[in-house]
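K.L.:
Just work-v4.csv, nothing more (CSV, C-alpha atoms):
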```csv
chain,number,residue,atom,x,y,z
S,1463,PHE,CA,-21.5,5.1,12.7
S,1464,LEU,CA,-24.6,6.2,10.9
S,1465,GLY,CA,-24.0,7.2,7.4
S,1466,LEU,CA,-20.4,5.9,7.0
S,1467,SER,CA,-21.3,4.2,3.7
S,1468,GLY,CA,-23.0,7.3,2.3
S,1469,LEU,CA,-21.7,8.8,-0.9
S,1470,ILE,CA,-19.9,12.1,-0.2
S,1471,SER,CA,-19.9,14.9,-2.7
S,1472,CYS,CA,-16.6,16.8,-3.0
S,1473,SER,CA,-18.6,20.0,-3.1
S,1474,GLN,CA,-19.6,19.4,0.6
S,1475,ASN,CA,-16.0,19.7,1.8
S,1476,GLN,CA,-14.9,22.6,4.0
S,1477,SER,CA,-11.2,21.6,4.0
S,1478,ASN,CA,-8.6,23.8,2.3
S,1479,GLY,CA,-6.3,20.9,1.6
S,1480,GLU,CA,-3.3,22.4,3.5
S,1481,GLN,CA,-1.4,20.5,6.1
S,1482,LYS,CA,-3.8,19.2,8.8
S,1483,ASP,CA,-3.5,19.4,12.5
S,1484,THR,CA,-4.6,15.9,13.6
S,1485,GLU,CA,-2.3,14.5,16.3
S,1486,ILE,CA,-2.1,10.8,17.2
S,1487,ALA,CA,-0.2,9.8,20.2
S,1488,ALA,CA,2.9,7.6,19.5
S,1489,VAL,CA,2.1,3.9,19.7
S,1490,PRO,CA,4.6,2.1,22.0
S,1491,SER,CA,3.7,-1.4,20.8
S,1492,ILE,CA,1.3,-2.3,18.1
S,1493,GLN,CA,-1.0,-5.3,17.9
S,1494,THR,CA,-3.3,-4.5,14.9
S,1495,ILE,CA,-2.6,-3.1,11.5
S,1496,ALA,CA,-5.2,-2.5,8.8
S,1497,PHE,CA,-4.5,-1.7,5.2
S,1498,GLY,CA,-6.2,-1.4,1.8
S,1499,SER,CA,-6.3,0.3,-1.6
S,1500,CYS,CA,-8.4,1.1,-4.6
S,1501,ASN,CA,-10.7,3.7,-3.0
S,1502,LYS,CA,-12.8,6.0,-5.1
S,1503,HIS,CA,-13.4,9.2,-3.2
S,1504,ASP,CA,-16.9,9.7,-4.7
S,1505,LEU,CA,-18.2,6.2,-4.2
S,1506,PRO,CA,-19.9,4.7,-1.1
S,1507,GLN,CA,-17.3,3.6,1.5
S,1508,PRO,CA,-18.9,0.9,3.7
S,1509,LEU,CA,-15.7,-0.6,5.1
S,1510,TRP,CA,-14.7,2.2,7.5
S,1511,GLU,CA,-17.2,1.0,10.1
S,1512,PRO,CA,-15.8,-2.6,10.3
S,1513,ILE,CA,-12.3,-1.2,10.1
S,1514,LEU,CA,-13.0,1.1,13.1
S,1515,GLU,CA,-14.4,-1.9,15.0
S,1516,GLU,CA,-11.0,-3.7,14.6
S,1517,HIS,CA,-9.4,-0.8,16.6
S,1518,PRO,CA,-6.3,-0.7,14.4
S,1519,ASP,CA,-3.2,0.9,15.8
S,1520,VAL,CA,-2.1,1.8,12.2
S,1521,TRP,CA,-3.9,2.3,8.9
S,1522,ILE,CA,-1.8,1.9,5.7
S,1523,TRP,CA,-2.9,3.3,2.4
S,1524,LEU,CA,-1.5,1.1,-0.4
S,1525,GLY,CA,-2.3,3.3,-3.3
S,1526,ASP,CA,-5.2,4.5,-5.5
S,1527,ASN,CA,-6.2,6.3,-2.3
S,1528,VAL,CA,-8.2,8.6,-4.6
S,1529,TYR,CA,-8.8,8.4,-8.3
S,1530,GLY,CA,-7.2,11.6,-9.6
S,1531,ASP,CA,-6.1,10.7,-13.1
S,1532,THR,CA,-5.4,14.3,-14.0
S,1533,GLN,CA,-2.7,16.9,-14.6
S,1534,ASP,CA,-4.9,19.5,-13.1
S,1535,MET,CA,-3.4,19.8,-9.6
S,1536,GLU,CA,-6.3,21.8,-8.2
S,1537,LEU,CA,-8.7,19.0,-9.3
S,1538,LEU,CA,-6.4,16.4,-7.7
S,1539,LYS,CA,-6.3,18.5,-4.5
S,1540,THR,CA,-10.1,18.7,-4.4
S,1541,LYS,CA,-10.4,14.9,-4.7
S,1542,TYR,CA,-8.0,14.4,-1.8
S,1543,ASP,CA,-9.9,17.0,0.2
S,1544,CYS,CA,-13.1,15.1,-0.5
S,1545,GLN,CA,-11.6,11.9,0.8
S,1546,TYR,CA,-10.0,13.6,3.8
S,1547,ASP,CA,-13.4,14.8,5.0
S,1548,GLN,CA,-15.3,11.6,4.2
S,1549,GLU,CA,-17.2,10.8,7.4
S,1550,GLY,CA,-15.8,7.2,8.1
S,1551,TYR,CA,-12.3,8.1,7.1
S,1552,ALA,CA,-12.4,11.2,9.3
S,1553,MET,CA,-13.0,8.9,12.3
S,1554,ILE,CA,-10.1,6.6,11.2
S,1555,ARG,CA,-7.6,9.5,11.1
S,1556,LYS,CA,-8.8,10.8,14.5
S,1557,THR,CA,-8.2,7.5,16.2
S,1558,THR,CA,-5.5,5.7,14.3
S,1559,GLN,CA,-2.0,6.4,13.0
S,1560,VAL,CA,-2.4,6.8,9.2
S,1561,ILE,CA,0.5,6.2,6.9
S,1562,GLY,CA,0.7,5.4,3.2
S,1563,THR,CA,2.1,5.3,-0.3
S,1564,TRP,CA,0.6,5.8,-3.7
S,1565,ASP,CA,-0.1,3.9,-6.9
S,1566,ASP,CA,-1.0,5.3,-10.3
S,1567,HIS,CA,-4.4,6.8,-10.0
S,1568,ASP,CA,-3.5,9.0,-7.0
S,1569,PHE,CA,-0.1,9.6,-8.6
S,1570,GLY,CA,-2.1,11.3,-11.4
S,1571,ILE,CA,-2.0,9.0,-14.4
S,1572,ASN,CA,-3.1,5.5,-15.1
S,1573,ASP,CA,-0.1,3.1,-15.2
S,1574,GLY,CA,2.1,6.2,-15.0
S,1575,GLY,CA,5.8,6.5,-14.1
S,1576,VAL,CA,8.9,8.6,-14.4
S,1577,ASN,CA,7.6,10.8,-17.2
S,1578,PHE,CA,4.5,12.1,-15.5
S,1579,ALA,CA,5.0,15.9,-15.8
S,1580,LYS,CA,3.2,16.8,-12.5
S,1581,LYS,CA,4.8,14.3,-10.2
S,1582,LYS,CA,6.5,16.9,-8.0
S,1583,GLU,CA,3.3,18.8,-7.4
S,1584,SER,CA,1.3,15.6,-6.9
S,1585,GLN,CA,3.8,14.4,-4.3
S,1586,GLN,CA,3.2,17.5,-2.1
S,1587,ILE,CA,-0.6,17.2,-2.4
S,1588,MET,CA,-0.5,13.6,-1.4
S,1589,LEU,CA,1.8,14.3,1.6
S,1590,ASN,CA,-0.6,17.1,2.7
S,1591,PHE,CA,-3.4,14.5,2.6
S,1592,LEU,CA,-1.2,12.2,4.9
S,1593,GLU,CA,-0.4,15.2,7.2
S,1594,GLU,CA,3.3,14.8,6.6
S,1595,PRO,CA,5.2,17.5,8.6
S,1596,GLU,CA,6.8,20.2,6.5
S,1597,ASN,CA,10.4,19.6,7.6
S,1598,THR,CA,10.7,15.9,6.9
S,1599,PRO,CA,13.1,14.3,4.3
S,1600,ARG,CA,10.0,13.0,2.6
S,1601,ARG,CA,9.0,16.5,1.7
S,1602,ALA,CA,12.4,17.3,0.1
S,1603,GLN,CA,13.2,14.0,-1.7
S,1604,GLU,CA,12.0,12.9,-5.1
S,1605,GLY,CA,9.3,10.2,-4.3
S,1606,VAL,CA,7.1,9.4,-1.4
S,1607,TYR,CA,9.1,6.4,0.0
S,1608,THR,CA,9.7,6.2,3.7
S,1609,VAL,CA,9.9,3.9,6.7
S,1610,HIS,CA,7.8,4.1,9.9
S,1611,GLU,CA,9.0,2.5,13.1
S,1612,PHE,CA,6.6,1.4,15.8
S,1613,GLY,CA,7.5,-0.1,19.2
S,1614,GLU,CA,10.9,-1.0,20.5
S,1615,GLY,CA,13.0,-4.0,21.4
S,1616,GLU,CA,11.5,-7.3,20.8
S,1617,GLN,CA,8.2,-5.6,19.9
S,1618,LYS,CA,9.4,-3.3,17.2
S,1619,VAL,CA,7.7,-3.2,13.8
S,1620,ASN,CA,9.1,-1.4,10.7
S,1621,ILE,CA,6.8,-0.6,7.8
S,1622,TYR,CA,8.6,0.3,4.6
S,1623,LEU,CA,6.4,2.3,2.1
S,1624,LEU,CA,7.9,2.0,-1.4
S,1625,ASP,CA,7.3,4.4,-4.3
S,1626,THR,CA,6.8,2.3,-7.4
S,1627,ARG,CA,5.7,5.4,-9.5
S,1628,TYR,CA,8.0,8.4,-9.3
S,1629,HIS,CA,11.1,6.7,-10.8
S,1630,ARG,CA,9.5,3.8,-12.6
S,1631,ASP,CA,10.8,3.4,-16.2
S,1632,THR,CA,8.5,3.0,-19.2
S,1633,LEU,CA,6.7,-0.2,-20.1
S,1634,GLU,CA,5.6,-1.1,-23.6
S,1635,LYS,CA,2.6,-3.2,-24.6
S,1636,GLU,CA,2.0,-5.9,-27.1
S,1637,ALA,CA,-1.6,-7.1,-27.6
S,1638,ASP,CA,-2.6,-5.6,-24.3
S,1639,ASN,CA,0.2,-7.4,-22.4
S,1640,TYR,CA,3.1,-5.6,-20.9
S,1641,VAL,CA,6.5,-6.5,-22.3
S,1642,PRO,CA,9.0,-7.1,-19.5
S,1643,ASN,CA,11.6,-4.3,-19.2
S,1644,THR,CA,14.8,-6.2,-18.5
S,1645,GLU,CA,17.0,-3.2,-18.0
S,1646,GLY,CA,14.7,-0.6,-16.4
S,1647,THR,CA,14.1,0.4,-12.8
S,1648,ILE,CA,11.1,0.6,-10.6
S,1649,LEU,CA,12.6,2.4,-7.6
S,1650,GLY,CA,15.4,4.5,-9.0
S,1651,GLU,CA,19.0,4.7,-7.7
S,1652,GLU,CA,18.4,6.9,-4.7
S,1653,GLN,CA,15.4,4.9,-3.4
S,1654,TRP,CA,17.4,1.7,-3.8
S,1655,GLN,CA,20.3,3.2,-1.8
S,1656,TRP,CA,17.9,4.3,0.9
S,1657,LEU,CA,16.2,0.8,1.0
S,1658,GLU,CA,19.5,-1.0,1.3
S,1659,GLU,CA,20.6,1.1,4.2
S,1660,GLU,CA,17.3,0.7,6.0
S,1661,PHE,CA,17.3,-3.1,5.6
S,1662,LEU,CA,20.9,-3.5,6.7
S,1663,HIS,CA,20.3,-1.4,9.8
S,1664,SER,CA,16.9,-2.7,10.8
S,1665,ASP,CA,16.6,-4.0,14.3
S,1666,ALA,CA,12.8,-4.6,14.0
S,1667,ARG,CA,11.4,-8.0,14.9
S,1668,ILE,CA,8.8,-7.6,12.1
S,1669,ASN,CA,9.5,-5.9,8.8
S,1670,ILE,CA,6.5,-5.1,6.5
S,1671,ILE,CA,7.3,-4.0,3.0
S,1672,ALA,CA,4.5,-2.2,1.1
S,1673,SER,CA,4.1,-1.6,-2.6
S,1674,GLY,CA,1.3,-0.2,-4.8
S,1675,ILE,CA,1.8,-3.1,-7.3
S,1676,GLN,CA,2.2,-6.8,-6.6
S,1677,PHE,CA,5.6,-8.3,-5.8
S,1678,ILE,CA,5.2,-12.0,-6.3
S,1679,ALA,CA,2.6,-12.7,-9.0
S,1680,GLU,CA,4.0,-13.4,-12.5
S,1681,GLU,CA,1.2,-14.7,-14.7
S,1682,HIS,CA,-1.4,-11.9,-15.0
S,1683,PRO,CA,-0.8,-9.3,-17.8
S,1684,TYR,CA,-1.1,-6.2,-15.6
S,1685,GLU,CA,1.3,-4.1,-13.6
S,1686,LYS,CA,3.6,-6.0,-11.3
S,1687,TRP,CA,7.2,-6.3,-10.2
S,1688,ALA,CA,7.7,-9.2,-12.5
S,1689,ASN,CA,7.5,-6.7,-15.4
S,1690,PHE,CA,10.9,-5.6,-14.2
S,1691,PRO,CA,12.5,-9.0,-13.6
S,1692,LYS,CA,15.9,-7.6,-12.5
S,1693,GLU,CA,14.3,-5.3,-10.0
S,1694,ARG,CA,12.2,-8.1,-8.5
S,1695,GLU,CA,15.2,-10.4,-8.3
S,1696,LYS,CA,17.2,-7.5,-6.7
S,1697,LEU,CA,14.6,-6.9,-4.0
S,1698,MET,CA,14.3,-10.6,-3.1
S,1699,LYS,CA,18.1,-10.9,-2.9
S,1700,LEU,CA,18.3,-7.7,-0.8
S,1701,ILE,CA,15.7,-9.0,1.7
S,1702,ALA,CA,17.6,-12.3,2.0
S,1703,ASP,CA,21.1,-10.9,2.2
S,1704,SER,CA,20.3,-8.1,4.7
S,1705,GLY,CA,19.1,-10.6,7.3
S,1706,LEU,CA,15.8,-8.7,7.7
S,1707,GLN,CA,13.8,-10.4,10.4
S,1708,SER,CA,10.3,-11.7,9.6
S,1709,PRO,CA,9.8,-9.8,6.3
S,1710,VAL,CA,6.2,-9.7,4.9
S,1711,LEU,CA,5.0,-8.1,1.6
S,1712,ILE,CA,1.7,-6.2,1.3
S,1713,SER,CA,0.3,-4.7,-1.9
S,1714,GLY,CA,-2.7,-3.3,-3.7
S,1715,ASP,CA,-3.7,-2.3,-7.2
S,1716,ARG,CA,-5.5,-5.4,-8.5
S,1717,HIS,CA,-9.1,-4.8,-7.4
S,1718,ILE,CA,-9.0,-8.3,-5.8
S,1719,GLY,CA,-7.6,-9.8,-2.5
S,1720,GLU,CA,-5.3,-12.7,-2.4
S,1721,MET,CA,-2.3,-14.2,-0.6
S,1722,ALA,CA,0.9,-15.7,-2.1
S,1723,LYS,CA,4.1,-17.3,-1.0
S,1724,THR,CA,7.5,-17.7,-2.6
S,1725,GLN,CA,11.0,-18.5,-1.5
S,1726,LEU,CA,13.8,-16.0,-1.1
S,1727,PRO,CA,17.3,-16.9,-2.5
S,1728,ASN,CA,18.2,-18.1,1.0
S,1729,GLY,CA,15.4,-20.7,0.9
S,1730,LYS,CA,13.2,-19.0,3.4
S,1731,ASP,CA,9.5,-18.4,2.7
S,1732,ILE,CA,8.1,-14.9,2.2
S,1733,TYR,CA,4.4,-14.1,2.0
S,1734,GLU,CA,2.5,-11.4,0.2
S,1735,ILE,CA,-1.0,-10.2,1.1
S,1736,THR,CA,-2.8,-8.2,-1.6
S,1737,SER,CA,-5.7,-6.1,-0.5
S,1738,SER,CA,-7.3,-4.0,-3.2
S,1739,GLY,CA,-11.0,-3.2,-3.2
S,1740,LEU,CA,-12.2,-0.6,-0.6
S,1741,THR,CA,-14.9,0.8,-2.8
S,1742,HIS,CA,-14.9,-1.4,-6.0
S,1743,THR,CA,-13.6,-4.7,-7.2
S,1744,TRP,CA,-14.1,-6.8,-10.4
S,1745,ASN,CA,-17.7,-6.7,-11.7
S,1746,GLU,CA,-17.8,-10.5,-11.2
S,1747,TRP,CA,-15.4,-13.2,-10.1
S,1748,ARG,CA,-13.4,-14.9,-12.8
S,1749,PRO,CA,-10.5,-17.3,-12.7
S,1750,GLU,CA,-6.9,-16.0,-12.8
S,1751,ASP,CA,-3.8,-18.1,-12.5
S,1752,ASN,CA,-1.2,-17.4,-9.8
S,1753,LYS,CA,1.1,-20.4,-9.1
S,1754,TYR,CA,2.2,-18.7,-5.9
S,1755,ARG,CA,-1.3,-18.3,-4.4
S,1756,VAL,CA,-2.0,-19.8,-0.9
S,1757,ALA,CA,-4.8,-19.7,1.7
S,1758,GLY,CA,-7.6,-20.0,-0.9
S,1759,ASP,CA,-8.7,-18.4,-4.1
S,1760,HIS,CA,-8.7,-14.7,-4.9
S,1761,ILE,CA,-11.5,-12.5,-3.6
S,1762,ALA,CA,-13.6,-10.1,-5.7
S,1763,GLU,CA,-15.7,-8.5,-3.0
S,1764,LEU,CA,-15.1,-5.3,-1.1
S,1765,HIS,CA,-12.4,-5.9,1.5
S,1766,TYR,CA,-9.6,-4.7,3.6
S,1767,GLY,CA,-6.4,-6.3,5.0
S,1768,LEU,CA,-5.7,-6.9,8.6
S,1769,VAL,CA,-2.7,-8.2,10.6
S,1770,SER,CA,-3.0,-9.1,14.3
S,1771,ILE,CA,0.2,-9.6,16.1
S,1772,ASP,CA,0.5,-11.9,19.1
S,1773,TRP,CA,3.8,-11.0,20.7
S,1774,GLU,CA,3.7,-13.8,23.3
S,1775,LYS,CA,3.1,-16.5,20.7
S,1776,GLU,CA,5.4,-14.9,18.2
S,1777,ALA,CA,2.8,-15.1,15.5
S,1778,MET,CA,1.1,-12.8,13.0
S,1779,GLU,CA,-2.4,-13.5,11.6
S,1780,PHE,CA,-3.1,-11.9,8.2
S,1781,SER,CA,-6.7,-11.7,7.1
S,1782,ILE,CA,-8.7,-10.4,4.1
S,1783,LYS,CA,-12.0,-9.2,5.6
S,1784,GLY,CA,-15.1,-7.6,4.2
S,1785,GLU,CA,-18.4,-6.0,5.3
S,1786,ASP,CA,-19.5,-7.1,8.8
S,1787,LYS,CA,-15.8,-8.1,9.4
S,1788,LYS,CA,-16.4,-11.3,7.4
S,1789,THR,CA,-13.1,-13.2,7.0
S,1790,HIS,CA,-12.5,-14.2,3.4
S,1791,LEU,CA,-8.8,-15.4,3.6
S,1792,ASN,CA,-6.5,-16.1,6.5
S,1793,GLN,CA,-2.8,-16.9,6.9
S,1794,ALA,CA,-0.8,-17.4,10.1
S,1795,ILE,CA,2.9,-16.5,9.9
S,1796,GLN,CA,5.4,-17.3,12.7
S,1797,PHE,CA,8.1,-14.8,13.5
```
Now, as a test, write the supplied structure out as C-alpha cells.
P.N.:
Amino acid sequence: FLGLSGLISCSQNQSNGEQKDTEIAAVPSIQTIAFGSCNKHDLPQPLWEPILEEHPDVWIWLGDNVYGDTQDMELLKTKYDCQYDQEGYAMIRKTTQVIGTWDDHDFGINDGGVNFAKKKESQQIMLNFLEEPENTPRRAQEGVYTVHEFGEGEQKVNIYLLDTRYHRDTLEKEADNYVPNTEGTILGEEQWQWLEEEFLHSDARINIIASGIQFIAEEHPYEKWANFPKEREKLMKLIADSGLQSPVLISGDRHIGEMAKTQLPNGKDIYEITSSGLTHTWNEWRPEDNKYRVAGDHIAELHYGLVSIDWEKEAMEFSIKGEDKKTHLNQAIQF
C-alpha cells in the first residue's frame, strides 16, 4: 500500500469521468461494512489502507465525497475523476462493493437544497462516479435516494441511502443559527412515498438508514434533521410503525465522529453512528453538547466507521476507527 496517503493532483487523472466498468461480484452474506464522509479529493487520504485491511464487503459514502462547491459541472466532474483515480480509493472500488449518497459539498453548494440550479446535472455526475448503470430508476428519478439489498433470509441487510439535498426546503439563519423550518420538507413527497413503501415491505433482518446530515442531535447550530422537526418526527414514527427490523442510523457531515441513542415512538431504542472525517476534522477538539450521545465523547481525529455483523450471536458491533485501525468509539447492538 505504498503511497496511499499521498496527495493526488487532479491533473494526473487519465479518467474521462464516464460510466466505469468495475464489476464486483454479488455478496451473498455480508459481515463487514465500512463507511465515512468529508473527503477532500486533493488532500492526503491515509485511511484507505486501514479500511482495506478491514476487508469490508461494502463501502458506503455518506456525503461530501468530494468538495465540489461549484456550478461549473466540468469542474465538478474533474474533482470526481480525481477522487475516482486516487490510489487507495481505486483499490477499494476494485475489491469492495461501493455505494453512497451525497451531502452539500458534492451536491455542489454549501448547505444547499432544492433551489440549486445544477442539481440535475450534478446528480448524473455523482452517479457516474458511483458507477450506477444507465438504465436504473436512480438515473431517471429526481434525487439520488435508493436502497441496496445484501444477502437473503435471516442474513439479509438493507441499506437505505437518503437524499437530504435535492428536495430540501430552505433554511433561514438568525445570528449564525438555523431557524427551524416547521412546515418544510427534507425528502420531498416522492422520496417519502418511496421510503414508506420500502420500509413496509422490508424483510431484511438488519436495516441501515443513511443520511448526509445527523438524524438525532438537536443542540448544535448546524445542519441536522432537527431543523425540520416535523420531518424528523415523521421519520421516527415511520420506522416504528413499519415494524422495520433492527434499524440503525448512520450519518456524516459534522467533521467529527460520535454515537447517539434515542427512543422511537414505540419505546424501542435506535442508535446513530456519525462518521465524518476521512481527510479533515476540527482543527482542535472542543466541547459540544449532545444529550443523546453514548459510548464516549465525540472524536475530532481522522476516522472511518465500521460495523461487524455476527450472525450467530445476532449482534452488530459499530466502531469509529482511525489510522492504524485504532478504535476510538465502540457500540454493540443486538438484533
K.L.:
What are the closest atom pairs, with distances in Å to one decimal, for all residues of range 1714-1769 of chain S lying within 12 Å of range 1555-1579 of chain S? Consider only C-alpha atoms, order rows by chain and residue number, and present the result as a Markdown table.
P.N.:
```
| residue | atom | partner | partner_atom | distance |
| --- | --- | --- | --- | --- |
| S:Gly1714 | CA | S:Asp1565 | CA | 8.3 |
| S:Asp1715 | CA | S:Asp1565 | CA | 7.2 |
| S:Arg1716 | CA | S:Asp1565 | CA | 10.9 |
| S:Ser1738 | CA | S:Asp1565 | CA | 11.3 |
```
K.L.:
Please report the interatomic distance between CA of Ile1735 in chain S and CA of Lys1692 in chain S in Å with one decimal.
P.N.:
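Here the two named atoms are 21.8 Å from each other.
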K.L.:
Hey, what's within 12 Å of Glu1536 in chain S if we count only C-alpha atoms and toss same-chain stuff fewer than 3 positions away? As JSON, numbers by chain, please?
P.N.:
{"S": [1478, 1479, 1530, 1532, 1533, 1539, 1540, 1541, 1542, 1543, 1570, 1580, 1583, 1584, 1587]}
K.L.:
For the atom pair CA of Ile1732 in chain S and CA of Glu1776 in chain S, what is the interatomic distance in Å to one decimal place?
P.N.:
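Value for the CA of Ile1732 in chain S-CA of Glu1776 in chain S distance: 16.2 Å.
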K.L.:
Report, as lines of an AutoDock Vina configuration file, the centre and edge lengths in Å (one decimal) of the axis-aligned box enclosing every listed atom of range 1624-1632 of chain S, padded by 8 Å on each side.
P.N.:
```
center_x = 8.4
center_y = 5.2
center_z = -10.3
size_x = 21.4
size_y = 22.4
size_z = 33.8
```
K.L.:
For Asp1731 in chain S, find every residue with an atom within 12 Å (counting only C-alpha atoms), except residues of its own chain fewer than 3 positions away, and show them as a JSON list (two decimals) with C-alpha atoms, in the coordinates of the input.
P.N.:
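Output saved as part_2.json:
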```json
[["chain", "number", "residue", "atom", "x", "y", "z"],
["S", 1678, "ILE", "CA", 5.20, -12.00, -6.30],
["S", 1698, "MET", "CA", 14.30, -10.60, -3.10],
["S", 1701, "ILE", "CA", 15.70, -9.00, 1.70],
["S", 1702, "ALA", "CA", 17.60, -12.30, 2.00],
["S", 1707, "GLN", "CA", 13.80, -10.40, 10.40],
["S", 1708, "SER", "CA", 10.30, -11.70, 9.60],
["S", 1709, "PRO", "CA", 9.80, -9.80, 6.30],
["S", 1710, "VAL", "CA", 6.20, -9.70, 4.90],
["S", 1711, "LEU", "CA", 5.00, -8.10, 1.60],
["S", 1722, "ALA", "CA", 0.90, -15.70, -2.10],
["S", 1723, "LYS", "CA", 4.10, -17.30, -1.00],
["S", 1724, "THR", "CA", 7.50, -17.70, -2.60],
["S", 1725, "GLN", "CA", 11.00, -18.50, -1.50],
["S", 1726, "LEU", "CA", 13.80, -16.00, -1.10],
["S", 1727, "PRO", "CA", 17.30, -16.90, -2.50],
["S", 1728, "ASN", "CA", 18.20, -18.10, 1.00],
["S", 1734, "GLU", "CA", 2.50, -11.40, 0.20],
["S", 1754, "TYR", "CA", 2.20, -18.70, -5.90],
["S", 1795, "ILE", "CA", 2.90, -16.50, 9.90],
["S", 1796, "GLN", "CA", 5.40, -17.30, 12.70],
["S", 1797, "PHE", "CA", 8.10, -14.80, 13.50]]
```
K.L.:
To one decimal place in Å, what is the distance between CA of Asn1590 in chain S and CA of Ile1554 in chain S?
P.N.:
16.5 Å
K.L.:
Select, counting all atoms listed in the file, all protein, DNA and RNA residues no farther than 12 Å from (6.9, 2.9, 4.7) in file coordinates, and express the selection as a PyMOL selection string.
P.N.:
chain S and resi 1520-1524+1560-1564+1600+1605-1612+1619-1625+1653+1656-1657+1660+1669-1674+1711-1712
K.L.:
Now that the selection is made, can you save its residues with C-alpha atoms as a PDB file, in the frame of the given file?
P.N.:
```pdb
ATOM      1  CA  VAL S1520      -2.100   1.800  12.200  1.00  0.00           C
ATOM      2  CA  TRP S1521      -3.900   2.300   8.900  1.00  0.00           C
ATOM      3  CA  ILE S1522      -1.800   1.900   5.700  1.00  0.00           C
ATOM      4  CA  TRP S1523      -2.900   3.300   2.400  1.00  0.00           C
ATOM      5  CA  LEU S1524      -1.500   1.100  -0.400  1.00  0.00           C
ATOM      6  CA  VAL S1560      -2.400   6.800   9.200  1.00  0.00           C
ATOM      7  CA  ILE S1561       0.500   6.200   6.900  1.00  0.00           C
ATOM      8  CA  GLY S1562       0.700   5.400   3.200  1.00  0.00           C
ATOM      9  CA  THR S1563       2.100   5.300  -0.300  1.00  0.00           C
ATOM     10  CA  TRP S1564       0.600   5.800  -3.700  1.00  0.00           C
ATOM     11  CA  ARG S1600      10.000  13.000   2.600  1.00  0.00           C
ATOM     12  CA  GLY S1605       9.300  10.200  -4.300  1.00  0.00           C
ATOM     13  CA  VAL S1606       7.100   9.400  -1.400  1.00  0.00           C
ATOM     14  CA  TYR S1607       9.100   6.400   0.000  1.00  0.00           C
ATOM     15  CA  THR S1608       9.700   6.200   3.700  1.00  0.00           C
ATOM     16  CA  VAL S1609       9.900   3.900   6.700  1.00  0.00           C
ATOM     17  CA  HIS S1610       7.800   4.100   9.900  1.00  0.00           C
ATOM     18  CA  GLU S1611       9.000   2.500  13.100  1.00  0.00           C
ATOM     19  CA  PHE S1612       6.600   1.400  15.800  1.00  0.00           C
ATOM     20  CA  VAL S1619       7.700  -3.200  13.800  1.00  0.00           C
ATOM     21  CA  ASN S1620       9.100  -1.400  10.700  1.00  0.00           C
ATOM     22  CA  ILE S1621       6.800  -0.600   7.800  1.00  0.00           C
ATOM     23  CA  TYR S1622       8.600   0.300   4.600  1.00  0.00           C
ATOM     24  CA  LEU S1623       6.400   2.300   2.100  1.00  0.00           C
ATOM     25  CA  LEU S1624       7.900   2.000  -1.400  1.00  0.00           C
ATOM     26  CA  ASP S1625       7.300   4.400  -4.300  1.00  0.00           C
ATOM     27  CA  GLN S1653      15.400   4.900  -3.400  1.00  0.00           C
ATOM     28  CA  TRP S1656      17.900   4.300   0.900  1.00  0.00           C
ATOM     29  CA  LEU S1657      16.200   0.800   1.000  1.00  0.00           C
ATOM     30  CA  GLU S1660      17.300   0.700   6.000  1.00  0.00           C
ATOM     31  CA  ASN S1669       9.500  -5.900   8.800  1.00  0.00           C
ATOM     32  CA  ILE S1670       6.500  -5.100   6.500  1.00  0.00           C
ATOM     33  CA  ILE S1671       7.300  -4.000   3.000  1.00  0.00           C
ATOM     34  CA  ALA S1672       4.500  -2.200   1.100  1.00  0.00           C
ATOM     35  CA  SER S1673       4.100  -1.600  -2.600  1.00  0.00           C
ATOM     36  CA  GLY S1674       1.300  -0.200  -4.800  1.00  0.00           C
ATOM     37  CA  LEU S1711       5.000  -8.100   1.600  1.00  0.00           C
ATOM     38  CA  ILE S1712       1.700  -6.200   1.300  1.00  0.00           C
TER      39      ILE S1712
END
```
K.L.:
Counting all atoms listed in the file, which residues sit no farther than 10 Å from the position (-0.1, -3.2, -20.1) in the file's frame? I'd like them as a list in words.
P.N.:
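Nearby residues: Asp1573, Leu1633, Glu1634, Lys1635, Glu1636, Ala1637, Asp1638, Asn1639, Tyr1640, Val1641, Pro1642, Pro1683, Tyr1684, Glu1685, Lys1686 and Asn1689 of chain S.
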K.L.:
Leaving out Ala1688 in chain S and any residue of its chain fewer than 6 positions from it, which residues lie within 9 Å of it when counting only C-alpha atoms, given as a list of chain:residue names?
P.N.:
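Returned residues: S:Pro1642, S:Gln1676, S:Phe1677, S:Ile1678, S:Ala1679, S:Glu1680, S:Glu1681, S:Arg1694, S:Glu1695.
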K.L.:
So which one's closest to His1765 in chain S, S:Glu1693, S:Glu1720, S:Glu1779, S:Glu1746? Using only C-alpha atoms, please.
P.N.:
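Looking only at the distances to His1765 in chain S, the closest residue turns out to be S:Glu1720.
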K.L.:
Rank S:Ile1495, S:Leu1505, S:Met1553, S:Met1588 by their smallest atom-to-atom distance to Leu1538 in chain S, using only C-alpha atoms, and report the top residue only.
P.N.:
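For Leu1538 in chain S, the nearest of the given residues is S:Met1588.
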K.L.:
Here is a test: counting only C-alpha atoms, which residue of S:Met1721, S:Leu1662, S:Ile1771, S:Ala1762 is nearest to Leu1740 in chain S?
P.N.:
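Closest to Leu1740 in chain S of all the choices is S:Ala1762.
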K.L.:
May I ask which of the residues S:Asn1752, S:Arg1630, S:Ile1675, S:Thr1736 is the closest one to Lys1783 in chain S, counting all atoms listed in the file?
P.N.:
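Smallest separation from Lys1783 in chain S among the options: S:Thr1736.
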K.L.:
Which residue, S:Ser1713, S:Gln1585, S:Thr1494, S:Asn1643, has the smallest gap to Leu1514 in chain S when you use all atoms listed in the file?
P.N.:
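Checking each candidate against Leu1514 in chain S, we get S:Thr1494 as the closest.
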K.L.:
Would you mind telling me which residue in S:Leu1697, S:Trp1687, S:Gly1615, S:Ile1492 lies nearest to Gln1655 in chain S when using all atoms listed in the file?
P.N.:
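Checking each candidate against Gln1655 in chain S, we get S:Leu1697 as the closest.
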